[in-house]
>>> print(open('query.txt').read())   # compact mmCIF, C-alpha atoms and all ligand atoms
# COMPACT_ATOMS: atom_id res chain seq x y z
CA MET A 20 0.00 0.00 0.00
CA TYR A 21 1.49 3.31 -1.10
CA LYS A 22 0.63 6.24 1.13
CA ILE A 23 0.68 9.51 -0.80
CA ALA A 24 0.42 12.99 0.73
CA VAL A 25 -1.40 15.37 -1.59
CA ILE A 26 -0.76 19.11 -1.33
CA GLY A 27 -3.10 20.75 -3.84
CA GLY A 28 -1.80 24.18 -2.86
CA ASP A 29 -2.84 27.41 -4.53
CA GLY A 30 -4.69 28.65 -7.60
CA THR A 31 -5.21 25.88 -10.12
CA GLY A 32 -2.98 23.52 -8.09
CA PRO A 33 -5.88 21.64 -6.46
CA GLU A 34 -7.66 21.23 -9.83
CA VAL A 35 -4.69 19.70 -11.63
CA ALA A 36 -3.76 17.57 -8.60
CA ALA A 37 -7.32 16.19 -8.54
CA GLU A 38 -6.99 15.04 -12.15
CA GLY A 39 -3.64 13.45 -11.35
CA VAL A 40 -5.14 11.59 -8.39
CA LYS A 41 -8.01 10.44 -10.61
CA VAL A 42 -5.56 9.00 -13.14
CA LEU A 43 -3.37 7.43 -10.46
CA LYS A 44 -6.36 5.71 -8.86
CA ALA A 45 -7.45 4.27 -12.21
CA ALA A 46 -3.99 3.18 -13.30
CA CYS A 47 -3.15 1.59 -9.93
CA ALA A 48 -6.49 -0.25 -9.74
CA LYS A 49 -5.87 -1.81 -13.14
CA ARG A 50 -2.51 -3.23 -12.03
CA GLU A 51 -3.78 -4.11 -8.55
CA VAL A 52 -1.41 -1.64 -6.93
CA LYS A 53 -2.80 -0.32 -3.66
CA ILE A 54 -2.55 3.44 -3.20
CA GLU A 55 -4.07 5.81 -0.66
CA PHE A 56 -4.17 9.62 -0.69
CA THR A 57 -4.20 12.03 2.25
CA ASN A 58 -4.86 15.73 1.63
CA PHE A 59 -2.95 18.57 3.26
CA ASP A 60 -4.24 22.14 3.00
CA PHE A 61 -0.84 23.86 2.90
CA GLY A 62 -0.77 26.99 0.73
CA GLY A 63 -1.71 30.64 0.51
CA GLU A 64 -5.31 30.32 1.71
CA ARG A 65 -4.25 28.55 4.86
CA TYR A 66 -1.51 31.11 5.45
CA LEU A 67 -3.92 34.04 5.05
CA ARG A 68 -6.37 32.37 7.42
CA THR A 69 -3.97 31.23 10.14
CA GLY A 70 -0.81 33.30 9.70
CA GLU A 71 1.19 30.09 9.62
CA VAL A 72 2.99 28.97 6.46
CA LEU A 73 3.56 25.37 7.55
CA PRO A 74 2.57 23.81 10.86
CA SER A 75 5.60 22.86 12.94
CA THR A 76 4.85 19.14 12.60
CA ALA A 77 4.45 19.23 8.80
CA VAL A 78 7.86 17.88 7.86
CA GLU A 79 7.69 15.04 10.39
CA ASP A 80 4.14 14.22 9.28
CA LEU A 81 5.14 14.12 5.63
CA LYS A 82 8.07 11.81 6.38
CA LYS A 83 5.55 9.08 7.16
CA PHE A 84 4.38 8.98 3.52
CA ASP A 85 5.88 7.12 0.58
CA ALA A 86 5.75 10.24 -1.59
CA ILE A 87 4.27 13.73 -1.83
CA TYR A 88 2.16 14.88 -4.75
CA LEU A 89 2.03 18.66 -5.13
CA GLY A 90 -0.24 20.91 -7.23
CA ALA A 91 1.23 24.42 -7.08
CA ILE A 92 2.39 26.99 -4.54
CA GLY A 93 1.98 30.77 -5.03
CA HIS A 94 -0.87 33.13 -4.12
CA PRO A 95 -1.49 36.64 -5.58
CA ASP A 96 -2.36 38.07 -2.11
CA VAL A 97 0.84 36.85 -0.48
CA ALA A 98 4.15 38.65 -1.06
CA PRO A 99 6.58 36.76 -3.31
CA GLY A 100 8.96 34.50 -1.41
CA ILE A 101 6.88 33.74 1.66
CA LEU A 102 5.07 30.66 0.39
CA GLU A 103 7.84 29.64 -2.01
CA LYS A 104 10.46 29.70 0.73
CA GLY A 105 8.14 28.63 3.53
CA ILE A 106 6.57 25.64 1.80
CA LEU A 107 8.15 24.53 -1.47
CA LEU A 108 11.79 25.24 -0.72
CA LYS A 109 11.43 24.25 2.93
CA LEU A 110 10.12 20.82 1.96
CA ARG A 111 12.83 20.37 -0.68
CA PHE A 112 15.50 21.25 1.89
CA ASP A 113 14.14 19.60 5.02
CA LEU A 114 13.35 16.36 3.19
CA ASP A 115 16.79 16.59 1.54
CA GLN A 116 15.31 16.14 -1.93
CA TYR A 117 18.67 16.78 -3.50
CA ILE A 118 17.73 15.98 -7.07
CA ASN A 119 15.24 17.95 -9.12
CA LEU A 120 14.56 15.73 -12.09
CA ARG A 121 13.02 17.51 -15.06
CA PRO A 122 12.48 15.60 -18.27
CA VAL A 123 12.28 17.64 -21.46
CA LYS A 124 10.36 15.37 -23.79
CA LEU A 125 8.24 16.42 -26.74
CA TYR A 126 5.32 14.05 -27.17
CA PRO A 127 3.80 13.28 -30.57
CA GLY A 128 1.11 15.72 -31.62
CA VAL A 129 2.34 18.43 -29.25
CA GLU A 130 3.40 21.69 -30.85
CA THR A 131 6.89 23.01 -30.21
CA PRO A 132 8.07 26.53 -31.06
CA LEU A 133 11.33 25.03 -32.38
CA ALA A 134 11.25 24.95 -36.18
CA ASN A 135 11.81 21.58 -37.84
CA LYS A 136 12.12 19.71 -34.55
CA GLY A 137 9.97 16.79 -33.49
CA PRO A 138 9.79 14.15 -30.76
CA GLU A 139 12.90 12.48 -32.20
CA HIS A 140 14.91 15.65 -31.42
CA ILE A 141 13.57 16.69 -28.04
CA ASP A 142 14.04 13.96 -25.46
CA TYR A 143 16.48 14.66 -22.67
CA ILE A 144 16.42 15.12 -18.95
CA VAL A 145 17.79 17.83 -16.72
CA VAL A 146 19.20 16.87 -13.33
CA ARG A 147 18.97 20.08 -11.33
CA GLU A 148 20.79 20.06 -7.98
CA ASN A 149 18.10 20.99 -5.47
CA THR A 150 19.68 21.90 -2.12
CA GLY A 151 22.49 24.40 -2.73
CA ASP A 152 23.53 27.39 -4.80
CA LEU A 153 21.82 30.79 -4.51
CA TYR A 154 18.86 28.99 -2.94
CA THR A 155 20.48 28.45 0.46
CA GLY A 156 19.60 31.99 1.52
CA ALA A 157 23.21 32.85 2.33
CA GLY A 158 23.53 36.62 2.18
CA GLY A 159 21.91 39.73 3.48
CA PHE A 160 21.60 43.47 3.42
CA SER A 161 23.62 46.16 5.01
CA MET A 162 22.68 49.81 5.27
CA LYS A 163 19.24 48.80 4.05
CA GLY A 164 17.08 51.69 2.90
CA THR A 165 20.00 54.10 2.60
CA PRO A 166 21.57 55.25 -0.68
CA ASN A 167 24.55 53.04 0.19
CA GLU A 168 22.51 49.91 0.62
CA VAL A 169 24.35 46.68 -0.13
CA ALA A 170 22.74 43.35 -0.96
CA ILE A 171 24.69 40.11 -1.17
CA GLN A 172 23.42 36.66 -2.09
CA THR A 173 25.93 33.91 -2.43
CA SER A 174 26.08 30.65 -4.32
CA VAL A 175 27.00 27.88 -1.90
CA TYR A 176 28.16 24.36 -2.76
CA ASN A 177 30.17 21.76 -0.98
CA ARG A 178 31.89 18.80 -2.54
CA PHE A 179 29.47 16.32 -0.97
CA GLN A 180 26.43 18.01 -2.54
CA VAL A 181 28.11 18.22 -5.91
CA ASP A 182 29.32 14.61 -5.83
CA ARG A 183 25.98 13.08 -4.88
CA CYS A 184 24.22 15.02 -7.61
CA LEU A 185 26.81 14.11 -10.23
CA ARG A 186 26.69 10.44 -9.25
CA TYR A 187 22.90 10.42 -9.66
CA ALA A 188 23.24 12.05 -13.09
CA PHE A 189 25.96 9.67 -14.31
CA ASN A 190 23.89 6.69 -13.16
CA LEU A 191 20.85 8.10 -14.94
CA ALA A 192 22.80 8.47 -18.20
CA ARG A 193 23.87 4.84 -17.82
CA LYS A 194 20.32 3.69 -17.05
CA ARG A 195 18.76 5.62 -19.95
CA ASN A 196 21.27 4.00 -22.24
CA LYS A 197 20.49 6.55 -24.96
CA ASN A 198 23.58 8.48 -26.07
CA LYS A 199 25.37 7.61 -22.82
CA THR A 200 26.27 11.27 -22.57
CA LEU A 201 26.24 13.54 -19.55
CA ALA A 202 26.55 17.27 -20.15
CA LEU A 203 27.61 19.56 -17.32
CA CYS A 204 26.01 23.00 -17.62
CA GLY A 205 28.10 25.61 -15.77
CA LYS A 206 29.80 28.96 -16.11
CA THR A 207 33.48 28.23 -15.54
CA ASN A 208 34.51 31.41 -17.35
CA VAL A 209 32.96 33.67 -14.69
CA LEU A 210 31.91 31.59 -11.66
CA THR A 211 35.47 30.42 -11.29
CA PHE A 212 34.98 28.97 -7.81
CA VAL A 213 31.63 27.20 -7.78
CA TYR A 214 31.73 25.80 -11.30
CA ASP A 215 35.41 25.04 -11.02
CA LEU A 216 34.46 22.70 -8.17
CA TRP A 217 31.67 21.20 -10.27
CA GLU A 218 33.91 20.72 -13.29
CA ARG A 219 36.74 19.06 -11.36
CA ALA A 220 34.33 16.77 -9.54
CA PHE A 221 32.59 15.95 -12.86
CA HIS A 222 35.74 14.81 -14.63
CA GLU A 223 37.21 13.03 -11.62
CA MET A 224 34.07 11.00 -11.05
CA GLY A 225 33.52 10.36 -14.75
CA GLU A 226 37.04 9.10 -15.28
CA LYS A 227 37.06 6.87 -12.21
CA GLU A 228 33.52 5.53 -11.95
CA PHE A 229 31.79 6.10 -15.29
CA PRO A 230 34.27 5.55 -18.14
CA ASP A 231 31.35 4.32 -20.30
CA ILE A 232 29.63 7.74 -20.14
CA LYS A 233 30.78 10.49 -22.50
CA ARG A 234 31.30 13.87 -20.82
CA ASP A 235 30.36 17.20 -22.40
CA TYR A 236 30.66 20.64 -20.89
CA TYR A 237 28.65 23.76 -21.85
CA HIS A 238 28.45 27.19 -20.28
CA VAL A 239 24.88 27.97 -19.26
CA ASP A 240 24.38 30.60 -21.95
CA ALA A 241 25.56 28.20 -24.64
CA THR A 242 23.34 25.49 -23.13
CA CYS A 243 20.34 27.76 -23.79
CA MET A 244 21.48 28.31 -27.34
CA TRP A 245 21.86 24.58 -28.09
CA MET A 246 18.62 23.66 -26.32
CA VAL A 247 16.92 25.79 -28.98
CA LYS A 248 19.15 25.05 -31.98
CA ASN A 249 20.21 21.41 -31.50
CA PRO A 250 18.22 19.83 -28.65
CA GLU A 251 19.02 16.39 -30.09
CA TRP A 252 22.56 16.80 -28.75
CA PHE A 253 21.35 16.30 -25.20
CA ASP A 254 20.75 13.11 -23.25
CA VAL A 255 21.25 14.03 -19.58
CA ILE A 256 22.21 17.55 -18.45
CA VAL A 257 23.42 18.13 -14.89
CA THR A 258 23.63 21.58 -13.34
CA GLY A 259 23.36 23.67 -10.19
CA ASN A 260 20.11 24.82 -8.66
CA MET A 261 19.88 28.32 -10.19
CA PHE A 262 20.85 27.43 -13.75
CA GLY A 263 18.64 24.35 -13.48
CA ASP A 264 15.67 26.52 -12.55
CA ILE A 265 16.21 28.76 -15.54
CA ILE A 266 17.04 26.26 -18.27
CA THR A 267 14.11 24.00 -17.36
CA ASP A 268 11.62 26.79 -18.07
CA LEU A 269 13.24 27.11 -21.49
CA GLY A 270 13.10 23.34 -21.85
CA ALA A 271 9.44 23.33 -20.82
CA MET A 272 8.55 25.77 -23.61
CA THR A 273 10.24 23.54 -26.18
CA GLN A 274 8.17 20.55 -25.05
CA GLY A 275 4.83 22.32 -25.34
CA GLY A 276 4.82 24.72 -22.40
CA MET A 277 4.12 24.83 -18.70
CA GLY A 278 0.98 22.78 -19.17
CA VAL A 279 3.12 19.78 -20.04
CA ALA A 280 6.32 19.94 -17.98
CA ALA A 281 6.55 17.72 -14.90
CA GLY A 282 9.27 17.26 -12.34
CA GLY A 283 10.32 15.28 -9.32
CA ASN A 284 12.11 16.53 -6.20
CA ILE A 285 13.91 13.35 -5.33
CA ASN A 286 15.59 12.04 -2.25
CA PRO A 287 16.67 8.59 -3.42
CA GLU A 288 16.96 7.48 0.20
CA GLY A 289 13.89 9.30 1.54
CA VAL A 290 10.56 10.91 0.67
CA SER A 291 10.28 12.48 -2.77
CA MET A 292 7.84 15.12 -4.02
CA PHE A 293 6.38 15.33 -7.52
CA GLU A 294 4.93 18.43 -9.12
CA PRO A 295 4.02 20.13 -12.37
CA ILE A 296 6.82 22.69 -12.78
CA GLY A 297 4.55 25.58 -13.78
CA GLY A 298 2.95 27.89 -11.26
CA SER A 299 -0.48 28.27 -9.70
CA ALA A 300 -1.94 30.23 -12.70
CA PRO A 301 -4.39 32.12 -10.42
CA LYS A 302 -6.32 33.73 -13.25
CA TYR A 303 -7.58 30.32 -14.37
CA THR A 304 -8.64 29.15 -10.91
CA GLY A 305 -11.95 27.30 -10.87
CA LEU A 306 -12.60 27.69 -14.60
CA ASN A 307 -11.91 24.06 -15.59
CA LYS A 308 -9.55 25.41 -18.27
CA ILE A 309 -6.07 24.63 -16.97
CA ASN A 310 -4.04 21.84 -18.54
CA PRO A 311 -3.58 18.95 -16.08
CA ILE A 312 -1.08 17.07 -18.29
CA ALA A 313 1.95 18.29 -16.33
CA ALA A 314 0.37 17.15 -13.07
CA ILE A 315 -0.56 13.79 -14.57
CA GLY A 316 2.99 13.47 -15.87
CA ALA A 317 4.26 14.18 -12.36
CA GLY A 318 2.06 11.34 -11.12
CA MET A 319 3.60 9.09 -13.73
CA MET A 320 7.08 10.04 -12.54
CA MET A 321 6.03 9.29 -8.97
CA MET A 322 4.94 5.76 -9.86
CA GLU A 323 8.17 5.18 -11.73
CA GLU A 324 10.20 6.36 -8.73
CA LEU A 325 8.14 4.16 -6.41
CA GLY A 326 9.11 1.20 -8.60
CA GLU A 327 5.76 0.73 -10.35
CA LYS A 328 7.11 0.83 -13.89
CA GLN A 329 4.04 -0.79 -15.46
CA VAL A 330 1.67 1.77 -13.95
CA ALA A 331 3.94 4.55 -15.24
CA VAL A 332 4.01 3.04 -18.73
CA ASP A 333 0.20 2.75 -18.77
CA ILE A 334 -0.19 6.40 -17.75
CA GLU A 335 2.29 7.59 -20.35
CA LYS A 336 0.56 5.65 -23.14
CA ALA A 337 -2.81 7.10 -22.17
CA MET A 338 -1.35 10.61 -21.95
CA ILE A 339 0.14 10.31 -25.43
CA ASP A 340 -3.18 9.15 -26.82
CA VAL A 341 -5.15 12.01 -25.27
CA MET A 342 -2.54 14.69 -26.03
CA GLN A 343 -2.88 13.84 -29.70
CA LYS A 344 -6.60 14.58 -29.43
CA MET A 345 -6.12 17.90 -27.63
CA LYS A 346 -6.14 21.06 -29.77
CA SER A 347 -3.43 22.81 -27.77
CA MET A 348 -1.48 22.46 -24.53
CA SER A 349 -2.46 26.02 -23.46
CA ALA A 350 -5.09 26.72 -20.83
CA GLY A 351 -8.50 27.41 -22.35
CA GLN A 352 -7.44 26.28 -25.83
CA MET A 353 -7.24 22.55 -25.28
CA GLY A 354 -10.55 21.67 -26.96
CA MET A 355 -11.27 19.83 -23.70
CA THR A 356 -11.85 20.92 -20.14
CA THR A 357 -9.46 20.11 -17.30
CA THR A 358 -11.73 17.34 -16.05
CA GLU A 359 -12.25 15.93 -19.55
CA VAL A 360 -8.50 15.56 -20.03
CA GLY A 361 -8.30 13.72 -16.69
CA ASP A 362 -11.37 11.58 -17.41
CA ASN A 363 -10.11 10.57 -20.85
CA ILE A 364 -6.69 9.58 -19.56
CA ALA A 365 -8.15 7.76 -16.55
CA LYS A 366 -10.48 5.79 -18.81
CA LEU A 367 -7.62 4.72 -21.06
CA CYS A 368 -5.55 3.40 -18.17
CA SER A 369 -8.26 1.56 -16.31
C1 LIG B 401 10.52 25.93 -9.68
C2 LIG B 401 10.04 27.25 -9.18
C3 LIG B 401 10.60 27.47 -7.77
C4 LIG B 401 12.12 27.47 -7.86
C5 LIG B 401 10.10 28.74 -7.08
C6 LIG B 401 8.59 28.82 -7.06
C7 LIG B 401 10.66 28.89 -5.70
O1 LIG B 401 10.40 28.26 -10.05
O2 LIG B 401 10.16 24.90 -9.10
O3 LIG B 401 11.23 25.90 -10.68
O4 LIG B 401 12.74 28.51 -8.11
O5 LIG B 401 12.70 26.40 -7.69
MN MN B 402 11.36 27.59 -11.84
>>> encode(input="query.txt", output="structure tokens")
Amino acid sequence: MYKIAVIGGDGTGPEVAAEGVKVLKAACAKREVKIEFTNFDFGGERYLRTGEVLPSTAVEDLKKFDAIYLGAIGHPDVAPGILEKGILLKLRFDLDQYINLRPVKLYPGVETPLANKGPEHIDYIVVRENTGDLYTGAGGFSMKGTPNEVAIQTSVYNRFQVDRCLRYAFNLARKRNKNKTLALCGKTNVLTFVYDLWERAFHEMGEKEFPDIKRDYYHVDATCMWMVKNPEWFDVIVTGNMFGDIITDLGAMTQGGMGVAAGGNINPEGVSMFEPIGGSAPKYTGLNKINPIAAIGAGMMMMEELGEKQVAVDIEKAMIDVMQKMKSMSAGQMGMTTTEVGDNIAKLCS
């Protein structure tokens, strides 16, 4: 019996999470996999009502589950940073979900803005380190509010964090068995400390432990260029937290947009959390117009990570079928409602 914590969150988060749960229930029932969902009301509404971002027991409570399934965090009436730091980033950090796995995969029938590129060109996966970098909150102000105000925010990495992320990425390149290529995305020409550490660790580990995996290196700006011009070059990309955040939004657009892109915050030894990588899209709340594909894809990734490969394969097949019948991946232009997309996929995998 898999015990899943569901955090619908803000805006359209609960709507897309509901469709994901619907599909997961259907797909698991078909394969006689037992799964149980428990809802948590964490998010902007709860914060506005109670003044508390997360209850003090939240992290310990969530540790009792096999995985966490998240809709979206971000509320228009709450200042930027409060919910993101207090919920999403706190869970990533406190549950030590050190890998943020973000596949960039163009499915058949889905439109990409890249000219002359199809599903055979766009199929790679970004391993974004998820615990360090500019996200640690190291920094501060001095002389705040004066004309001499100073603000500092520092990228922080230690060798342990870099090594465990690289090892995961090398193993993934081996497991995918596609081009057997791992590309490090960095900025060694300017960030001569942090990405120097990454680059040394990358080659040392590759040489010693993964001689079968080809190693490429790209600066982050060039990575963006090649993701647009020659996405077929990529198999697995590994990078730090900040660059990973940025390049995966670019990647998401090339695979059909935020309505499609899913991700997993993974602690291979602990509790992982799966989410559509787009935001809470507040203007579409309650309209039954938002695309739940990314959330359903996150559910598929969750089953794969839990070891239920067959359930994941069933969900992916059903998603591909329904995506080909959808008019667009954009909210309100799908030719189906949110619930119809979920119903159609659920039917196909039950
Ligand atoms: C993401 C988001 C988050 C991040 C925000 C909401 C804190 O952009 O998951 O990519 O920067 O990691
Ligand atoms: Mn982001």
>>> closest_residue(input="query.txt", among="A:Thr242, A:Asn135, A:Gln116, A:Asn249", to="Leu269 of chain A", atoms="all atoms listed in the file")
A:Thr242
>>> residues_near_point(input="query.txt", point="(-1.4, 12.8, -24.9)", cutoff="12 Å", atoms="only C-alpha atoms", output="JSON list (two decimals) with C-alpha atoms, in the frame of the given file")
[["chain", "number", "residue", "atom", "x", "y", "z"],
["A", 125, "LEU", "CA", 8.24, 16.42, -26.74],
["A", 126, "TYR", "CA", 5.32, 14.05, -27.17],
["A", 127, "PRO", "CA", 3.80, 13.28, -30.57],
["A", 128, "GLY", "CA", 1.11, 15.72, -31.62],
["A", 129, "VAL", "CA", 2.34, 18.43, -29.25],
["A", 130, "GLU", "CA", 3.40, 21.69, -30.85],
["A", 275, "GLY", "CA", 4.83, 22.32, -25.34],
["A", 278, "GLY", "CA", 0.98, 22.78, -19.17],
["A", 279, "VAL", "CA", 3.12, 19.78, -20.04],
["A", 310, "ASN", "CA", -4.04, 21.84, -18.54],
["A", 311, "PRO", "CA", -3.58, 18.95, -16.08],
["A", 312, "ILE", "CA", -1.08, 17.07, -18.29],
["A", 313, "ALA", "CA", 1.95, 18.29, -16.33],
["A", 315, "ILE", "CA", -0.56, 13.79, -14.57],
["A", 316, "GLY", "CA", 2.99, 13.47, -15.87],
["A", 333, "ASP", "CA", 0.20, 2.75, -18.77],
["A", 334, "ILE", "CA", -0.19, 6.40, -17.75],
["A", 335, "GLU", "CA", 2.29, 7.59, -20.35],
["A", 336, "LYS", "CA", 0.56, 5.65, -23.14],
["A", 337, "ALA", "CA", -2.81, 7.10, -22.17],
["A", 338, "MET", "CA", -1.35, 10.61, -21.95],
["A", 339, "ILE", "CA", 0.14, 10.31, -25.43],
["A", 340, "ASP", "CA", -3.18, 9.15, -26.82],
["A", 341, "VAL", "CA", -5.15, 12.01, -25.27],
["A", 342, "MET", "CA", -2.54, 14.69, -26.03],
["A", 343, "GLN", "CA", -2.88, 13.84, -29.70],
["A", 344, "LYS", "CA", -6.60, 14.58, -29.43],
["A", 345, "MET", "CA", -6.12, 17.90, -27.63],
["A", 346, "LYS", "CA", -6.14, 21.06, -29.77],
["A", 347, "SER", "CA", -3.43, 22.81, -27.77],
["A", 348, "MET", "CA", -1.48, 22.46, -24.53],
["A", 353, "MET", "CA", -7.24, 22.55, -25.28],
["A", 360, "VAL", "CA", -8.50, 15.56, -20.03],
["A", 361, "GLY", "CA", -8.30, 13.72, -16.69],
["A", 363, "ASN", "CA", -10.11, 10.57, -20.85],
["A", 364, "ILE", "CA", -6.69, 9.58, -19.56],
["A", 365, "ALA", "CA", -8.15, 7.76, -16.55],
["A", 367, "LEU", "CA", -7.62, 4.72, -21.06]]
>>> residues_around(input="query.txt", residues="His222 of chain A", least_positions_apart="4", cutoff="12 Å", atoms="all atoms listed in the file", output="VMD selection string")
chain A and resid 182 185 to 186 189 201 to 203 215 to 218 226 to 230 232 to 236
>>> write_last_selection(input="query.txt", atoms="C-alpha atoms", output="mmCIF file, keeping the file's coordinate frame")
data_model
loop_
_atom_site.group_PDB
_atom_site.id
_atom_site.type_symbol
_atom_site.label_atom_id
_atom_site.label_comp_id
_atom_site.auth_asym_id
_atom_site.auth_seq_id
_atom_site.Cartn_x
_atom_site.Cartn_y
_atom_site.Cartn_z
ATOM 1 C CA ASP A 182 29.320 14.610 -5.830
ATOM 2 C CA LEU A 185 26.810 14.110 -10.230
ATOM 3 C CA ARG A 186 26.690 10.440 -9.250
ATOM 4 C CA PHE A 189 25.960 9.670 -14.310
ATOM 5 C CA LEU A 201 26.240 13.540 -19.550
ATOM 6 C CA ALA A 202 26.550 17.270 -20.150
ATOM 7 C CA LEU A 203 27.610 19.560 -17.320
ATOM 8 C CA ASP A 215 35.410 25.040 -11.020
ATOM 9 C CA LEU A 216 34.460 22.700 -8.170
ATOM 10 C CA TRP A 217 31.670 21.200 -10.270
ATOM 11 C CA GLU A 218 33.910 20.720 -13.290
ATOM 12 C CA GLU A 226 37.040 9.100 -15.280
ATOM 13 C CA LYS A 227 37.060 6.870 -12.210
ATOM 14 C CA GLU A 228 33.520 5.530 -11.950
ATOM 15 C CA PHE A 229 31.790 6.100 -15.290
ATOM 16 C CA PRO A 230 34.270 5.550 -18.140
ATOM 17 C CA ILE A 232 29.630 7.740 -20.140
ATOM 18 C CA LYS A 233 30.780 10.490 -22.500
ATOM 19 C CA ARG A 234 31.300 13.870 -20.820
ATOM 20 C CA ASP A 235 30.360 17.200 -22.400
ATOM 21 C CA TYR A 236 30.660 20.640 -20.890
#
>>> residues_near_ligand(input="query.txt", ligand="ligand LIG 401 (chain B)", cutoff="7 Å", atoms="only C-alpha atoms and all ligand atoms", output="JSON, numbers by chain")
{"A": [92, 103, 104, 107, 108, 264, 296]}
>>> write_last_selection(input="query.txt", atoms="C-alpha atoms", output="compact mmCIF listing (two decimals), keeping the file's coordinate frame")
# COMPACT_ATOMS: atom_id res chain seq x y z
CA ILE A 92 2.39 26.99 -4.54
CA GLU A 103 7.84 29.64 -2.01
CA LYS A 104 10.46 29.70 0.73
CA LEU A 107 8.15 24.53 -1.47
CA LEU A 108 11.79 25.24 -0.72
CA ASP A 264 15.67 26.52 -12.55
CA ILE A 296 6.82 22.69 -12.78
>>> closest_residue(input="query.txt", among="A:Thr273, A:Thr31, A:Ser349, A:Thr150", to="Phe179 of chain A", atoms="all atoms listed in the file")
A:Thr150
>>> atom_distance(input="query.txt", atom1="atom CA of Gly93 of chain A", atom2="atom CA of Val35 of chain A")
14.5 Å
>>> residues_near_ligand(input="query.txt", ligand="ligand MN 402 (chain B)", cutoff="10 Å", atoms="only C-alpha atoms and all ligand atoms", output="PyMOL selection string")
chain A and resi 260-269+296-298
>>> residues_around(input="query.txt", residues="segment 72-89 of chain A", least_positions_apart="4", cutoff="7 Å", atoms="only C-alpha atoms", output="list in words")
Tyr21, Lys22, Ile23, Ala24, Val25, Ile26, Gly27, Ala36, Phe61, Tyr66, Leu102, Gly105, Ile106, Leu110, Val290, Ser291, Met292, Phe293 and Glu294 of chain A
>>> closest_residue(input="query.txt", among="A:Thr69, A:Gln274, A:Thr358, A:Asn177", to="Pro250 of chain A", atoms="all atoms listed in the file")
A:Gln274
>>> closest_residue(input="query.txt", among="A:Val330, A:Val181, A:Ala170, A:Leu120", to="Gly151 of chain A", atoms="only C-alpha atoms")
A:Val181
>>> closest_residue(input="query.txt", among="A:Pro132, A:Gly39, A:Pro122, A:Gly70", to="Met272 of chain A", atoms="all atoms listed in the file")
A:Pro132
>>> build_atoms(input="query.txt", residues="segment 352-364 of chain A", atoms="N, CA and C atoms", output="short mmCIF file (atom, residue, chain, number, x, y, z; two decimals), keeping the file's coordinate frame")
data_model
loop_
_atom_site.label_atom_id
_atom_site.label_comp_id
_atom_site.auth_asym_id
_atom_site.auth_seq_id
_atom_site.Cartn_x
_atom_site.Cartn_y
_atom_site.Cartn_z
N GLN A 352 -7.48 26.54 -24.37
CA GLN A 352 -7.44 26.28 -25.83
C GLN A 352 -7.26 24.80 -26.13
N MET A 353 -7.56 23.98 -25.14
CA MET A 353 -7.24 22.55 -25.28
C MET A 353 -8.27 21.80 -26.12
N GLY A 354 -9.47 22.41 -26.31
CA GLY A 354 -10.55 21.67 -26.96
C GLY A 354 -11.16 20.66 -26.01
N MET A 355 -10.72 20.66 -24.77
CA MET A 355 -11.27 19.83 -23.70
C MET A 355 -11.16 20.64 -22.41
N THR A 356 -11.99 20.29 -21.44
CA THR A 356 -11.85 20.92 -20.14
C THR A 356 -10.78 20.16 -19.33
N THR A 357 -10.41 20.76 -18.20
CA THR A 357 -9.46 20.11 -17.30
C THR A 357 -9.95 18.71 -16.93
N THR A 358 -11.21 18.64 -16.51
CA THR A 358 -11.73 17.34 -16.05
C THR A 358 -11.88 16.35 -17.20
N GLU A 359 -12.17 16.86 -18.40
CA GLU A 359 -12.25 15.93 -19.55
C GLU A 359 -10.89 15.31 -19.87
N VAL A 360 -9.84 16.12 -19.79
CA VAL A 360 -8.50 15.56 -20.03
C VAL A 360 -8.23 14.44 -19.01
N GLY A 361 -8.51 14.73 -17.74
CA GLY A 361 -8.30 13.72 -16.69
C GLY A 361 -9.17 12.49 -16.88
N ASP A 362 -10.46 12.72 -17.19
CA ASP A 362 -11.37 11.58 -17.41
C ASP A 362 -10.91 10.70 -18.56
N ASN A 363 -10.54 11.34 -19.66
CA ASN A 363 -10.11 10.57 -20.85
C ASN A 363 -8.87 9.73 -20.57
N ILE A 364 -7.93 10.32 -19.86
CA ILE A 364 -6.69 9.58 -19.56
C ILE A 364 -7.00 8.46 -18.56
#
